[in-house]
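Chemist: Have a look at the structure that comes next, please.
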Amino acid sequence: MSSTTATEPILIAGVRVSPDHLIGGVRVPSPDRFVTLSPIDGAPLGHVACGGPAEAAAAVGAAAAAFPEWAALGPAGRAAALHRLADLIDSQVDEIATVECADMGMLLASLRARVIARAAMNFRNYADLAVAYQERDWHSKGTWNRVQRMPAGPVAVITPWNAPFMLSTWKVAPALAAGCTVVLKPAEWSPLSASLLADLTVAAGFSPGVFNLLQGTGERTGAALVADPRLARISFTGSPETARQIAATAGANLVPFTGELGGKGPLIVCEDADLELAAARAAGQYDDAGQVCLAGTRLLVQASIADAFLERFDAHVAAHVLGDPRSPETTIAPLIHPEHLTRVQGFVDRAVSDGHALLRGGHRLDGLFFEPTLIAPHSNDAEIVQSEVFGPVLTFQTFTDEAEAIALANSTRYGLSGIVFTASMGRAERIGRALRAGVVWVNTFLVRDLTAPFGGCGISGIGREGGNYALDFYSDLKTLQILEGSVG
Ligand code: NAD
């Protein structure tokens, strides 16, 4: 950290984005920098600070110094600041959406209409949830008991490259609402929108150090951050492979860790389902180029309706428009990065060379586009069934009865989400209960109630976020026990 003169902002369609860290309320550059590319045309958008151990230590130090005052504000005091931040996000939707679209390639229309607004909602809802939290009181064994929540301390939040602005707020909002201070390290493939969030925390009047932004790569910056023993929590969203490394460091320091990890969700279509709805939703799993952890990427369709389903599914897929994410007609955007495109192509090539049937797609197109692809595996053990591709690649398998559907659905090491289409309440209940997943949607997809728990089973996650579950994670719970009759 040789210099503290802020670097010239990166300009994206007129929006100014600082490429520096935000540490203790000050923009801090790094001597090392990395390039962020736009998926739209593969062109560099700019150079972003790449923090090392010194910047990581400074960011955690700033968060630790700001913690006592932020914690002492109490839920209502913090709620006022979080509401101001939410209002500022709402007032900047177009700017944030423009930067997110350029840097990550997400569809501009959906960013503007929904995604950024959800980020603002997360801050509002967590502010209100923390205020509404009732401490539990009870009498037992001659004592009066109360469960209190103590803000845990400074926390590290590490996020992936898909939907980075909104996803980061699932963690940053409850952490701040619970009274923790935050160091956010976004992913190096889409780091820019986090810088706008940092600006907005300053504009909202957060004290220096309450929210810090640390830019950089995973292996250098992220690894230095999570190794800091002053952290009270580490909250991570990303791949199981990275989670193993971070969990090992967290374990060595005995720092509680939560991980929202990958998915390989089943999408089950029973013979009594609304076929049109199921086929439309199944084709919708290609949205965001399949770069969605919750996607139902394994289509499991009852054999008796397989042909009818495929015919409708094909019609819906044919209606998809691959193109520039800034265009309102586009429904499938490019993949995030050339390396990711190569990874996706590798999965498909290996599946084809292993003799699995390619039912549609399978090829890369100009730019960073990959065709919506459907593969019918000849074995459930195939890599294409068992591993997360995180691209526009689905598998197609049939089942004869509920038991087989459940066995296939539960046959991977993942367990993040499941989607079921049926007209029967009994089936919905039975299959829903039998699936090993953090969330099961019946006849719908991606609807999320903020108070519900969110997380994964197996290698899809450790711990639960959402509602009071997240507030509990960012708090140390304490039982206060007073001998009855001993105090007046
Ligand atoms: P990733 O694991 O490669 O990286 C995630 C973050 O970890 C990045 O910020 C990266 O810089 C950082 N990182 C990498 N190595 C690190 C290390 N050694 N120490 C500290 N930090 C390190 O994941 P990705 O490719 O960015 O994201 C895609 C993955 O995220 C997919 O598996 C997807 O399913 C998952 N995901 C899960 C959810 C969920 O809620 N369950 C949501 C979105 C994405």
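Residues are referred to by chain and number: the chain letter is A, B, ... according to the order shown in the structure tokens, the number counts from 1 in that chain, and ligands are numbered separately from 1 in the order shown.
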Taking the chain letters and numbering used in this document, name the residues of segment 315-382 of chain A that DSSP puts in helix (DSSP H, G or I), as a list of chain:residue names.
Modeler: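 Listing helix (DSSP H, G or I) positions across segment 315-382 of chain A yields A:Ala315, A:His316, A:Val317, A:Ala318, A:Pro338, A:Glu339, A:His340, A:Leu341, A:Thr342, A:Arg343, A:Val344, A:Gln345, A:Gly346, A:Phe347, A:Val348, A:Asp349, A:Arg350, A:Ala351, A:Val352, A:Ser353.
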Chemist: Please extract the residues at most 8 Å from ligand 1, counting only C-alpha atoms and all ligand atoms, and provide them as JSON, numbers by chain, using the chain letters and residue numbers of this document.
Modeler: {"A": [158, 159, 160, 161, 162, 163, 167, 185, 186, 187, 188, 189, 216, 217, 218, 219, 220, 221, 222, 223, 224, 225, 226, 236, 237, 238, 239, 240, 241, 242, 243, 245, 246, 259, 260, 261, 262, 263, 291, 292, 293, 294, 388, 390, 416, 454, 455, 456, 460, 461]}
Chemist: Could you state the separation of atom CA of Val352 of chain A and atom CA of Asp287 of chain A in Å, given to one decimal place?
Modeler: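 Between atom CA of Val352 of chain A and atom CA of Asp287 of chain A the gap works out to 23.1 Å.
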Chemist: Would you list the contacts of Glu271 of chain A as an NGL selection string, taking every protein, DNA or RNA residue within 8 Å and counting only C-alpha atoms, but skipping same-chain residues closer than 4 positions in sequence?
Modeler: :A and (301-302 or 304-305 or 422)
Chemist: Under the rule that only C-alpha atoms are counted, which of A:Ile10, A:Ala102, A:Ala57, A:Ala282 is the nearest residue to Val317 of chain A?
Modeler: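 Among A:Ile10, A:Ala102, A:Ala57, A:Ala282, it is A:Ala282 that comes nearest to Val317 of chain A.
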Chemist: Which residues, written as a list in words, have at least one atom at most 8 Å from Leu213 of chain A, with only C-alpha atoms counted and residues fewer than 5 positions away on the same chain left out?
Modeler: His21, Leu22, Ile23, Ala59, Val183, Leu184, Lys185, Ala194, Ser195 and Ala198 of chain A
Chemist: May I ask which of the residues A:Ala127, A:Ala273, A:Ala232, A:Leu200 is the closest one to Gly153 of chain A, counting only C-alpha atoms?
Modeler: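 Nearest candidate to Gly153 of chain A out of A:Ala127, A:Ala273, A:Ala232, A:Leu200: A:Ala232.
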Chemist: So how many Å separate atom CA of Ile234 of chain A and atom CA of Pro154 of chain A, to one decimal?
Modeler: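 We find that atom CA of Ile234 of chain A and atom CA of Pro154 of chain A lie 9.2 Å from each other.
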Chemist: Please determine, counting only C-alpha atoms, which residue among A:Arg230, A:Arg136, A:Arg326, A:Arg281 has the shortest atom-to-atom distance to Ala13 of chain A.
Modeler: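 Answer, going by the shortest atom-to-atom distance: A:Arg326.
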Chemist: Find the spatial neighbours of Met166 of chain A, counting only C-alpha atoms, within a cut-off of 7 Å - ignore same-chain residues fewer than 6 positions away - and output them as a list in words.
Modeler: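 The residues that qualify are Val115, Ile116, Arg118 and Ala119 of chain A.
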Chemist: Can you pull out the residues contacting Ile375 of chain A? Cut-off 7 Å, using only C-alpha atoms, and skip same-chain residues under 6 positions away; I want them as an MDAnalysis selection string.
Modeler: chainID A and resid 356:359 394:396
Chemist: Enumerate as a list of chain:residue names all residues of segment 309-393 of chain A assigned to strand (DSSP E) by DSSP on the backbone, naming them with the chain letters and numbers the document uses.
Modeler: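 For segment 309-393 of chain A, the strand (DSSP E) set is A:Ala357, A:Leu358, A:Leu359, A:Arg360, A:Thr373, A:Leu374, A:Ile375, A:Ala376, A:Val393.
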Chemist: Using C-alpha atoms, can you export the residues from the last selection as a short mmCIF file (atom, residue, chain, number, x, y, z; two decimals), in the first residue's frame?
Modeler:
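And here's result_10.cif as it stands now:
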data_model
loop_
_atom_site.label_atom_id
_atom_site.label_comp_id
_atom_site.auth_asym_id
_atom_site.auth_seq_id
_atom_site.Cartn_x
_atom_site.Cartn_y
_atom_site.Cartn_z
CA ALA A 357 -26.64 -38.36 -26.93
CA LEU A 358 -26.53 -34.71 -27.94
CA LEU A 359 -30.21 -33.80 -28.40
CA ARG A 360 -29.64 -30.13 -29.23
CA THR A 373 -27.58 -27.61 -25.14
CA LEU A 374 -29.48 -30.75 -24.16
CA ILE A 375 -27.77 -34.07 -23.55
CA ALA A 376 -29.42 -37.44 -22.89
CA VAL A 393 -26.29 -27.18 -20.68
#
